[in-house]
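Enquirer: The following file, upload_24.txt, comprises compact mmCIF, C-alpha atoms:
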# COMPACT_ATOMS: atom_id res chain seq x y z
CA MET A 259 25.46 -32.37 165.34
CA ASN A 260 25.78 -30.08 162.36
CA ALA A 261 22.48 -28.90 160.97
CA GLN A 262 24.07 -27.26 157.96
CA LEU A 263 25.24 -30.28 156.08
CA ALA A 264 26.92 -29.62 152.78
CA PRO A 265 24.53 -30.03 149.85
CA ALA A 266 24.33 -33.56 148.50
CA ALA A 267 27.22 -34.40 146.23
CA VAL A 268 27.03 -36.55 143.11
CA ASP A 269 26.93 -39.94 144.79
CA THR A 270 24.71 -39.56 147.84
CA THR A 271 23.16 -42.86 146.76
CA SER A 272 26.43 -44.56 147.68
CA PRO A 273 26.72 -45.56 151.34
CA LEU A 274 30.48 -45.11 151.14
CA SER A 275 32.48 -43.13 148.63
CA VAL A 276 35.70 -41.21 148.19
CA ALA A 277 37.00 -38.89 145.52
CA GLY A 278 40.53 -37.69 144.86
CA LEU A 279 41.82 -39.13 148.09
CA ARG A 280 45.49 -38.50 148.86
CA HIS A 281 47.45 -39.11 152.01
CA SER A 282 51.06 -39.18 153.13
CA TYR A 283 52.98 -40.36 156.13
CA PRO A 284 56.42 -38.99 157.00
CA ASP A 285 58.03 -41.84 155.06
CA GLY A 286 56.10 -41.26 151.85
CA GLU A 287 52.82 -41.02 150.00
CA VAL A 288 50.37 -43.85 150.83
CA LEU A 289 47.30 -42.84 148.83
CA ARG A 290 47.91 -41.22 145.48
CA GLY A 291 44.47 -40.18 144.27
CA VAL A 292 41.79 -42.79 144.96
CA ASP A 293 38.20 -42.60 143.66
CA LEU A 294 35.86 -45.30 144.85
CA ALA A 295 32.13 -45.62 145.45
CA LEU A 296 30.25 -48.64 146.77
CA ALA A 297 26.80 -49.42 145.42
CA PRO A 298 24.15 -50.20 148.07
CA GLY A 299 24.05 -53.92 148.82
CA SER A 300 27.35 -54.61 147.12
CA VAL A 301 30.24 -56.50 148.68
CA LEU A 302 33.46 -54.82 147.65
CA GLY A 303 36.63 -56.80 148.12
CA LEU A 304 39.64 -54.56 148.53
CA ILE A 305 42.80 -56.43 147.60
CA GLY A 306 46.32 -55.22 148.08
CA ARG A 307 49.69 -56.33 149.30
CA ASN A 308 50.76 -55.60 152.81
CA GLY A 309 51.60 -51.91 152.92
CA ALA A 310 49.56 -51.06 149.83
CA GLY A 311 47.53 -48.55 151.84
CA LYS A 312 44.37 -50.61 152.46
CA SER A 313 44.00 -49.70 156.12
CA THR A 314 44.80 -46.04 155.49
CA LEU A 315 42.20 -45.95 152.72
CA ILE A 316 39.58 -47.54 154.96
CA ARG A 317 40.31 -45.20 157.84
CA ALA A 318 40.11 -42.19 155.54
CA MET A 319 36.86 -43.47 154.00
CA LEU A 320 35.32 -43.68 157.45
CA GLY A 321 36.60 -40.28 158.61
CA LEU A 322 38.99 -41.78 161.13
CA LEU A 323 41.84 -39.84 159.65
CA GLU A 324 41.87 -36.58 157.80
CA PRO A 325 43.34 -37.08 154.33
CA ALA A 326 45.81 -34.63 152.85
CA ALA A 327 43.39 -34.11 149.95
CA GLY A 328 40.10 -35.43 148.67
CA GLU A 329 36.70 -36.13 150.09
CA ALA A 330 35.10 -39.10 151.84
CA ARG A 331 31.38 -39.55 152.34
CA VAL A 332 29.40 -41.99 154.46
CA PHE A 333 25.66 -42.21 153.70
CA GLY A 334 26.16 -38.98 151.79
CA GLN A 335 27.57 -37.11 154.78
CA PRO A 336 31.16 -35.88 154.95
CA ALA A 337 32.97 -38.70 156.74
CA LEU A 338 34.79 -36.32 159.07
CA ARG A 339 31.51 -34.79 160.26
CA MET A 340 29.16 -37.75 160.41
CA ASP A 341 26.20 -37.45 162.78
CA ASP A 342 25.43 -40.05 165.45
CA GLN A 343 22.61 -41.59 163.44
CA ALA A 344 24.98 -42.30 160.57
CA LYS A 345 27.50 -43.78 162.98
CA ALA A 346 24.85 -46.13 164.41
CA ARG A 347 24.18 -47.47 160.90
CA LEU A 348 27.75 -48.55 160.30
CA ALA A 349 30.07 -51.08 161.87
CA TYR A 350 33.81 -51.21 161.45
CA VAL A 351 36.20 -53.91 162.57
CA PRO A 352 39.80 -52.72 162.48
CA GLN A 353 42.75 -55.00 162.13
CA GLN A 354 43.92 -54.03 165.60
CA PRO A 355 40.92 -54.27 167.87
CA GLU A 356 40.59 -51.42 170.31
CA ALA A 357 38.33 -53.26 172.74
CA LEU A 358 37.77 -52.08 176.26
CA GLY A 359 40.20 -54.40 178.00
CA TRP A 360 38.69 -54.24 181.46
CA LEU A 361 35.41 -55.81 180.38
CA THR A 362 34.63 -59.42 179.58
CA ALA A 363 33.25 -60.27 176.13
CA THR A 364 29.75 -60.71 177.58
CA GLN A 365 29.91 -57.39 179.42
CA LEU A 366 31.19 -55.59 176.35
CA LEU A 367 28.43 -56.94 174.11
CA ASP A 368 25.74 -56.17 176.71
CA TYR A 369 27.14 -52.66 177.04
CA VAL A 370 27.49 -51.71 173.39
CA GLY A 371 24.22 -53.44 172.50
CA ARG A 372 22.29 -50.66 174.23
CA PHE A 373 23.47 -48.11 171.71
CA TYR A 374 22.10 -49.93 168.69
CA PRO A 375 18.38 -49.97 167.92
CA GLY A 376 18.68 -53.18 165.90
CA TRP A 377 20.96 -55.09 168.30
CA ASP A 378 20.61 -58.87 167.90
CA ALA A 379 21.46 -60.20 171.36
CA ARG A 380 20.60 -63.76 170.40
CA PHE A 381 23.06 -63.72 167.53
CA ALA A 382 25.74 -62.24 169.81
CA GLY A 383 25.30 -64.93 172.46
CA LYS A 384 25.13 -67.77 169.98
CA THR A 385 28.17 -66.68 167.97
CA LEU A 386 30.24 -66.06 171.09
CA GLU A 387 29.74 -69.72 171.87
CA ARG A 388 30.28 -70.98 168.33
CA TRP A 389 33.47 -68.97 167.91
CA LYS A 390 34.74 -70.29 171.24
CA ILE A 391 35.26 -66.99 173.05
CA PRO A 392 35.65 -67.45 176.82
CA PRO A 393 32.66 -65.30 177.85
CA ASN A 394 33.88 -64.34 181.30
CA LYS A 395 37.54 -63.65 180.74
CA LEU A 396 38.74 -60.03 180.59
CA LEU A 397 39.23 -58.88 177.01
CA ALA A 398 42.75 -57.75 177.89
CA LYS A 399 43.56 -61.39 178.62
CA LEU A 400 42.23 -62.72 175.30
CA SER A 401 44.52 -63.41 172.36
CA PRO A 402 44.50 -60.81 169.52
CA GLY A 403 42.56 -63.32 167.39
CA GLU A 404 39.91 -63.77 170.07
CA ARG A 405 39.58 -60.03 170.48
CA GLN A 406 39.09 -59.55 166.77
CA ARG A 407 36.41 -62.24 166.86
CA VAL A 408 34.62 -60.35 169.66
CA ASP A 409 34.81 -57.27 167.47
CA LEU A 410 33.35 -59.14 164.52
CA ILE A 411 30.46 -60.35 166.68
CA ARG A 412 29.85 -56.82 167.91
CA ALA A 413 29.83 -55.54 164.33
CA LEU A 414 27.46 -58.20 163.01
CA ALA A 415 25.07 -58.12 165.99
CA SER A 416 24.48 -54.39 165.50
CA GLN A 417 22.89 -55.28 162.13
CA PRO A 418 24.62 -52.43 160.32
CA GLU A 419 23.65 -51.08 156.92
CA LEU A 420 27.33 -50.61 156.17
CA LEU A 421 29.88 -53.13 157.34
CA VAL A 422 33.60 -52.48 157.01
CA LEU A 423 36.03 -55.27 157.77
CA ASP A 424 39.78 -54.72 157.66
CA GLU A 425 41.58 -58.05 157.19
CA PRO A 426 39.12 -60.06 159.28
CA ALA A 427 40.31 -63.43 158.07
CA ALA A 428 43.52 -63.62 160.03
CA ALA A 429 41.74 -64.06 163.35
CA LEU A 430 39.55 -66.96 162.30
CA ASP A 431 40.11 -70.65 161.80
CA PRO A 432 38.77 -72.09 158.52
CA VAL A 433 35.40 -73.11 160.00
CA ALA A 434 34.75 -69.77 161.67
CA ARG A 435 35.97 -67.97 158.56
CA ARG A 436 33.45 -69.84 156.45
CA GLU A 437 30.75 -68.86 158.93
CA LEU A 438 31.76 -65.22 158.70
CA LEU A 439 31.67 -65.34 154.91
CA ARG A 440 28.23 -66.97 154.99
CA GLU A 441 26.94 -64.35 157.38
CA VAL A 442 28.32 -61.49 155.30
CA ALA A 443 27.06 -62.95 152.01
CA LEU A 444 23.52 -63.53 153.29
CA ARG A 445 23.24 -60.11 154.86
CA ALA A 446 24.37 -58.41 151.68
CA GLY A 447 22.06 -60.52 149.54
CA GLU A 448 19.00 -60.43 151.77
CA SER A 449 19.14 -57.33 153.95
CA GLY A 450 20.98 -55.18 151.45
CA THR A 451 23.93 -54.58 153.77
CA THR A 452 26.78 -52.85 151.96
CA VAL A 453 30.13 -54.41 152.75
CA LEU A 454 33.73 -53.35 152.34
CA PHE A 455 36.12 -56.19 153.05
CA SER A 456 39.88 -55.85 152.78
CA THR A 457 42.17 -58.80 152.61
CA HIS A 458 45.23 -60.25 151.03
CA ILE A 459 43.59 -63.71 151.08
CA VAL A 460 41.73 -63.51 147.81
CA SER A 461 39.94 -66.88 147.95
CA ASP A 462 37.64 -65.44 150.63
CA LEU A 463 36.61 -62.66 148.30
CA GLU A 464 35.97 -64.99 145.41
CA ARG A 465 33.09 -66.50 147.36
CA ILE A 466 31.27 -63.39 148.41
CA ALA A 467 32.51 -60.26 146.64
CA SER A 468 30.25 -58.70 144.04
CA ASP A 469 32.95 -56.17 143.15
CA ILE A 470 36.71 -56.14 143.39
CA ALA A 471 39.17 -53.28 143.75
CA PHE A 472 42.94 -53.74 143.51
CA LEU A 473 44.93 -51.20 145.51
CA HIS A 474 48.57 -51.07 144.56
CA GLU A 475 51.11 -48.49 145.65
CA GLY A 476 48.42 -46.07 146.69
CA LYS A 477 46.36 -46.29 143.50
CA LEU A 478 43.43 -48.38 142.31
CA LEU A 479 44.69 -50.59 139.50
CA LEU A 480 41.32 -52.13 138.80
CA HIS A 481 37.76 -51.75 140.04
CA CYS A 482 35.09 -53.92 138.46
CA ALA A 483 32.46 -56.60 139.02
CA ALA A 484 33.95 -59.76 140.52
CA ASP A 485 32.78 -61.92 137.61
CA ASP A 486 34.41 -59.47 135.20
CA THR A 487 37.80 -60.10 136.75
CA LYS A 488 37.51 -63.63 135.39
CA GLU A 489 35.65 -63.01 132.15
CA ARG A 490 36.96 -59.69 130.93
CA PHE A 491 40.67 -60.19 131.61
CA ALA A 492 43.09 -62.94 130.69
CA ARG A 493 46.77 -63.57 130.28
CA LEU A 494 48.07 -63.50 126.72
CA TRP A 495 51.33 -65.31 126.16
CA LEU A 496 53.34 -64.63 123.01
CA PRO A 497 56.47 -66.51 121.98
CA ALA A 498 59.59 -64.40 121.49
CA ALA A 499 59.26 -64.33 117.71
CA MET A 500 55.84 -62.69 117.96
CA SER A 501 56.43 -60.32 120.80
CA ALA A 502 56.51 -57.38 118.37
CA ALA A 503 52.82 -58.05 117.68
CA ALA A 504 51.93 -57.46 121.34
CA PRO A 505 48.99 -55.08 121.79
CA ALA A 506 49.94 -51.66 123.08
CA ALA A 507 47.12 -51.61 125.63
CA ALA A 508 47.78 -54.10 128.39
CA LEU A 509 47.32 -53.96 132.15
CA SER A 510 50.69 -55.53 132.66
CA ARG A 511 53.56 -56.69 130.52
CA ARG A 512 56.28 -59.08 131.54
CA ARG A 513 59.14 -60.29 129.39
CA HIS A 514 60.52 -63.72 130.24
CA GLU A 515 64.12 -64.82 129.94
CA ASP A 516 63.53 -66.60 126.65
CA GLY A 517 62.13 -63.40 125.15
CA SER A 518 58.51 -64.50 125.30
CA LEU A 519 55.92 -62.08 126.67
CA SER A 520 53.08 -62.35 129.17
CA LEU A 521 50.45 -59.62 129.09
CA VAL A 522 47.22 -59.09 130.93
CA VAL A 523 44.71 -58.11 128.27
CA GLU A 524 41.08 -57.07 128.23
CA ARG A 525 38.23 -57.97 125.88
CA ASP A 526 37.11 -55.16 123.58
CA GLU A 527 33.55 -53.90 123.40
CA ARG A 528 32.59 -56.77 121.09
CA GLY A 529 33.95 -59.30 123.59
CA GLN A 530 37.03 -60.10 121.50
CA TRP A 531 40.58 -60.57 122.78
CA PRO A 532 43.26 -58.43 121.08
CA GLU A 533 44.29 -59.32 117.55
CA ALA A 534 47.60 -60.89 118.63
CA SER A 535 45.78 -63.67 120.50
CA ARG A 536 44.78 -65.22 117.16
CA LEU A 537 48.38 -65.69 115.98
CA THR A 538 49.54 -69.29 115.86
CA GLY A 539 51.53 -70.06 118.96
CA ALA A 540 49.83 -67.34 121.02
CA ARG A 541 47.94 -68.53 124.06
CA VAL A 542 45.15 -67.02 126.10
CA ASP A 543 44.79 -68.27 129.67
CA ALA A 544 41.89 -67.51 131.94
CA LEU A 545 43.03 -66.18 135.28
CA GLY A 546 41.72 -66.67 138.78
CA LEU A 547 41.55 -63.59 140.96
CA GLU A 548 44.81 -64.33 142.71
CA ASP A 549 46.71 -64.84 139.46
CA LEU A 550 45.23 -61.68 138.01
CA PHE A 551 46.28 -59.71 141.05
CA VAL A 552 49.79 -61.12 141.04
CA GLU A 553 50.14 -60.36 137.33
CA VAL A 554 49.05 -56.74 137.59
CA ALA A 555 50.68 -55.95 140.93
CA GLU A 556 54.09 -57.26 140.11
CA MET B 7 17.76 -81.52 144.73
CA ASP B 8 20.07 -80.64 147.58
CA ALA B 9 22.46 -77.67 147.60
CA SER B 10 25.31 -80.08 148.41
CA LEU B 11 24.98 -81.58 144.93
CA LEU B 12 26.72 -78.52 143.54
CA THR B 13 30.48 -78.12 143.80
CA ILE B 14 31.82 -74.59 143.98
CA GLN B 15 35.44 -73.81 143.31
CA PRO B 16 35.91 -70.13 144.16
CA ALA B 17 39.50 -69.99 142.93
CA SER B 18 38.69 -71.41 139.50
CA PRO B 19 39.05 -69.00 136.59
CA GLU B 20 35.43 -69.83 135.76
CA PRO B 21 33.04 -67.46 137.56
CA ILE B 22 30.85 -69.12 140.17
CA TYR B 23 27.59 -68.34 138.36
CA ARG B 24 28.89 -70.17 135.30
CA GLN B 25 30.02 -73.12 137.41
CA ILE B 26 26.46 -73.45 138.70
CA VAL B 27 24.83 -73.22 135.27
CA GLU B 28 27.27 -75.74 133.80
CA GLN B 29 26.61 -78.21 136.60
CA LEU B 30 22.86 -77.84 136.26
CA ARG B 31 23.21 -78.43 132.54
CA ARG B 32 25.20 -81.60 133.11
CA LEU B 33 22.96 -82.88 135.89
CA ILE B 34 19.93 -82.40 133.65
CA ALA B 35 21.60 -83.80 130.53
CA GLY B 36 22.83 -86.76 132.56
CA GLY B 37 19.40 -87.45 134.01
CA GLN B 38 20.35 -86.88 137.67
CA LEU B 39 17.82 -84.07 137.62
CA ALA B 40 14.47 -84.79 136.03
CA ALA B 41 11.84 -82.41 134.71
CA GLY B 42 9.84 -80.98 137.60
CA ASP B 43 12.52 -81.57 140.23
CA LEU B 44 12.66 -78.62 142.59
CA LEU B 45 15.87 -76.72 143.06
CA PRO B 46 17.15 -75.54 146.42
CA SER B 47 16.30 -71.89 147.11
CA VAL B 48 18.83 -69.18 146.37
CA ARG B 49 19.29 -68.77 150.10
CA GLU B 50 19.97 -72.47 150.66
CA VAL B 51 22.62 -72.59 147.95
CA ALA B 52 24.21 -69.34 149.10
CA ALA B 53 24.25 -70.39 152.76
CA PHE B 54 25.53 -73.90 152.10
CA HIS B 55 28.44 -72.71 149.98
CA ALA B 56 28.99 -69.35 151.71
CA ILE B 57 28.62 -67.49 148.43
CA ASN B 58 26.81 -64.30 147.49
CA PRO B 59 23.06 -64.91 146.94
CA MET B 60 23.21 -62.56 143.96
CA THR B 61 25.58 -64.99 142.27
CA VAL B 62 23.08 -67.82 142.73
CA SER B 63 20.23 -65.64 141.44
CA ARG B 64 22.30 -64.77 138.42
CA ALA B 65 22.96 -68.46 137.72
CA TYR B 66 19.29 -69.40 138.15
CA GLY B 67 18.25 -66.50 135.95
CA MET B 68 20.62 -67.58 133.22
CA ALA B 69 19.52 -71.21 133.47
CA GLU B 70 15.91 -70.04 133.27
CA SER B 71 16.53 -67.94 130.18
CA GLU B 72 18.24 -70.90 128.56
CA GLY B 73 15.17 -73.01 129.24
CA LEU B 74 16.88 -75.35 131.71
CA LEU B 75 14.80 -74.16 134.65
CA GLU B 76 11.38 -72.69 135.12
CA ARG B 77 9.90 -70.68 137.95
CA LEU B 78 6.93 -72.38 139.57
CA ARG B 79 4.59 -70.01 141.33
CA GLY B 80 4.95 -70.38 145.09
CA LYS B 81 7.42 -73.22 144.82
CA GLY B 82 10.56 -71.68 143.42
CA MET B 83 12.73 -73.00 140.66
CA ALA B 84 12.29 -76.39 139.07
CA VAL B 85 13.83 -78.27 136.18
CA ALA B 86 11.85 -77.16 133.15
CA ALA B 87 9.13 -79.56 132.08
CA THR B 88 9.81 -78.62 128.49
CA THR B 89 13.49 -79.52 128.66
CA ARG B 90 14.00 -81.23 125.37
CA PRO B 91 15.15 -84.64 126.56
CA THR B 92 16.78 -85.11 123.21
CA GLN B 93 18.74 -81.99 122.49
CA THR B 94 20.06 -81.79 118.97
CA GLN B 95 23.44 -83.29 118.35
CA ALA B 96 24.89 -79.83 117.79
CA GLN B 97 23.61 -78.69 121.18
CA ARG B 98 25.09 -81.68 122.92
CA LEU B 99 28.37 -81.25 121.09
CA ALA B 100 28.48 -77.61 122.16
CA LEU B 101 28.58 -78.80 125.77
CA LEU B 102 31.90 -80.48 125.04
CA GLU B 103 33.42 -77.44 123.38
CA PRO B 104 35.55 -76.22 126.33
CA GLN B 105 37.06 -79.67 126.88
CA LEU B 106 37.70 -80.09 123.15
CA GLN B 107 39.45 -76.74 122.97
CA ALA B 108 41.62 -77.62 125.94
CA LEU B 109 42.46 -80.97 124.39
CA ALA B 110 43.41 -79.36 121.09
CA ARG B 111 45.61 -76.89 122.88
CA HIS B 112 47.43 -79.55 124.89
CA ALA B 113 47.95 -81.62 121.75
CA ARG B 114 49.46 -78.62 119.97
CA GLU B 115 51.73 -77.88 122.92
CA LEU B 116 52.95 -81.46 122.89
CA GLU B 117 53.43 -81.21 119.12
CA LEU B 118 51.35 -84.31 118.57
CA PRO B 119 50.13 -84.94 115.02
CA SER B 120 46.37 -84.69 114.87
CA ASP B 121 45.83 -88.13 113.34
CA ALA B 122 47.54 -89.75 116.35
CA VAL B 123 45.33 -87.84 118.77
CA LEU B 124 42.19 -88.60 116.76
CA ARG B 125 43.06 -92.32 116.60
CA ARG B 126 43.44 -92.45 120.36
CA LEU B 127 40.25 -90.46 120.91
CA GLY B 128 38.44 -92.72 118.48
CA ARG B 129 39.43 -95.75 120.52
CA LEU B 130 38.25 -94.10 123.74
CA LEU B 131 34.90 -93.35 122.15
CA GLU B 132 34.28 -96.88 120.93
CA PRO B 133 31.52 -98.52 122.91
Starting from the file, give its structure as structure tokens.

Expert:
Amino acid sequence: MNAQLAPAAVDTTSPLSVAGLRHSYPDGEVLRGVDLALAPGSVLGLIGRNGAGKSTLIRAMLGLLEPAAGEARVFGQPALRMDDQAKARLAYVPQQPEALGWLTATQLLDYVGRFYPGWDARFAGKTLERWKIPPNKLLAKLSPGERQRVDLIRALASQPELLVLDEPAAALDPVARRELLREVALRAGESGTTVLFSTHIVSDLERIASDIAFLHEGKLLLHCAADDTKERFARLWLPAAMSAAAPAAALSRRRHEDGSLSLVVERDERGQWPEASRLTGARVDALGLEDLFVEVAE
Amino acid sequence: MDASLLTIQPASPEPIYRQIVEQLRRLIAGGQLAAGDLLPSVREVAAFHAINPMTVSRAYGMAESEGLLERLRGKGMAVAATTRPTQTQAQRLALLEPQLQALARHARELELPSDAVLRRLGRLLEP
């Protein structure tokens, strides 16, 4: 395509990265300055409420929309001008599948399989059966869930180096969802596949994510190792009488009706919780990922 | 040992790697795992529980550095032969620390006097 690629930027080692990303739709700003880079082989869970801008961010990261400002890179290439080789190394499953409706699932997979050097036809056939896709029905006649499952099979069978899944969980029943998670986890751990996985169902991410990013109102509230979300942050509760002692630095701060305070706090560099946590009556509660997200996104 | 012996609770505030190490510690302390017993491979544990293999590696690595496990050449991880069957009392007590802290907290929240709690605990501990 373009022989004069821009010189390598800072993070060419990252299979997928964005810097200073901004984007607006007529009804307002969706992305308000996002910086994010995935390490090779990592599984990044992107969490956000409906409408937080997850799909817009993903589409901009992959060069499927031109952002108002900022830069997106895929395998070090500008996302908007990726060459065909780069495209063959990535697989993306959108929330709304755009399958070719006049083909059957079997025909589609046979067709697209020819474009991928690493196509795993055995996996495709086997998973089609396990995920109960009618193989000979036109895709246009499948339910949206079935079509998304076909898309997931297509993405996985191409054995991508970079796998991007936008809300894949909705289309799958619990057994198939577990299978998807297993597949994604093993590929990341063993083949070094880099994965970006967006969802508002956080329990899926707790199994497989190595890193977590919280997107809220167009900004990243938090981006850290998945284990850190549980070990580095906690909720500090202070009774009303002590609320004046609350630390100034907190990710979130909520005053309850009785005057008591809940804060999300972070350990300092020596691993200690803020001073106020040692007051009598103060309480520090460990938080699961979902609780942490609800606390900081509220 | 089979991967199904481990229980993983993804939504727990305790990270998965710690859940694995804690369970190994208890299984070994409780004698369900004996010195030399082989552990399931990282892949087996990750596949069975649909969790990230790196999390399992991290847990095994931590258990190895604590002396719970040892790497046998060509065979994978096994329960360390040198596991002190009789850990010191302090070490065994340290295993109870999280539960003791939780108990103390609940007792304070219920405004129970400590002697009442200790009396009850004492009775539970009697053989």

Enquirer: With only C-alpha atoms as the atoms that count, which of A:Leu545, A:Cys482, A:Gly539, A:Ala507 lies nearest to Arg114 of chain B?

Expert: A:Gly539

Enquirer: Got a sec: who's within 6 Å of segment 461-473 of chain A, counting all atoms listed in the file, leaving out chain neighbours fewer than 3 positions off, as an NGL selection string?

Expert: (:A and (300-306 or 443 or 477-484)) or (:B and (16-17 or 57-58))

Enquirer: Name the residues in contact with Ala413 of chain A at a cut-off of 9 Å, using only C-alpha atoms, excluding same-chain residues fewer than 4 positions from it; report them as a list of chain:residue names.

Expert: A:Leu348, A:Ala349, A:Tyr350, A:Val351, A:Val408, A:Asp409, A:Gln417, A:Pro418, A:Leu421, A:Val422

Enquirer: Select, from A:Ala446, A:Leu519, A:Ala555, A:Ala398, the residue with the minimum atom-to-atom distance to chain B, counting only C-alpha atoms.

Expert: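 Checking each of A:Ala446, A:Leu519, A:Ala555, A:Ala398 against chain B, counting only C-alpha atoms, the winner is A:Ala446.
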
Enquirer: Within 8 Å of chain A, which residues of chain B are there when counting only C-alpha atoms? Please give them as a list in words.

Expert: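 Listed by rising number, the hits are Pro16, Ala17, Ser18, Pro19, Glu20, Pro21, Ile22, Arg49, Ala52, Ala53, Phe54, His55, Ala56, Ile57, Asn58, Pro59 and Met60 of chain B.
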
Enquirer: Can you tell me which residues surround Arg513 of chain A at a distance of at most 10 Å, considering only C-alpha atoms, apart from same-chain residues fewer than 2 positions away, and format the answer as a list in words?

Expert: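 Final neighbour list, sorted by chain and number: Trp495, Leu496, Ala498, Ser501, Arg511, Glu515, Asp516, Gly517, Ser518, Leu519, Ser520 and Leu521 of chain A.
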
Enquirer: Store the residues of this selection in a file with C-alpha atoms, as a CSV table (one decimal), keeping the file's coordinate frame.

Expert:
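The resulting file, selection.csv, is shown below:
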chain,number,residue,atom,x,y,z
A,495,TRP,CA,51.3,-65.3,126.2
A,496,LEU,CA,53.3,-64.6,123.0
A,498,ALA,CA,59.6,-64.4,121.5
A,501,SER,CA,56.4,-60.3,120.8
A,511,ARG,CA,53.6,-56.7,130.5
A,515,GLU,CA,64.1,-64.8,129.9
A,516,ASP,CA,63.5,-66.6,126.6
A,517,GLY,CA,62.1,-63.4,125.2
A,518,SER,CA,58.5,-64.5,125.3
A,519,LEU,CA,55.9,-62.1,126.7
A,520,SER,CA,53.1,-62.4,129.2
A,521,LEU,CA,50.4,-59.6,129.1

Enquirer: Neighbourhood query: residues within 7 Å of (37.6, -46.0, 144.5), file coordinates, counting all atoms listed in the file; return as a PDB file with C-alpha atoms, keeping the file's coordinate frame.

Expert:
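The resulting file, selection_0.pdb, is shown below:
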ATOM      1  CA  VAL A 276      35.700 -41.210 148.190  1.00  0.00           C
ATOM      2  CA  VAL A 292      41.790 -42.790 144.960  1.00  0.00           C
ATOM      3  CA  ASP A 293      38.200 -42.600 143.660  1.00  0.00           C
ATOM      4  CA  LEU A 294      35.860 -45.300 144.850  1.00  0.00           C
ATOM      5  CA  ALA A 295      32.130 -45.620 145.450  1.00  0.00           C
ATOM      6  CA  LEU A 478      43.430 -48.380 142.310  1.00  0.00           C
TER       7      LEU A 478
END

Enquirer: May I have the residues within 12 Å of Glu287 of chain A as a list in words, using all atoms listed in the file and disregarding those fewer than 2 positions away in the same chain?

Expert: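 Answer for this query is Leu279, Arg280, His281, Ser282, Tyr283, Pro284, Asp285, Leu289, Arg290, Gly291, Gly309, Ala310, Gly311, Thr314, Pro325, Ala326, Ala327, Glu475, Gly476 and Lys477 of chain A.
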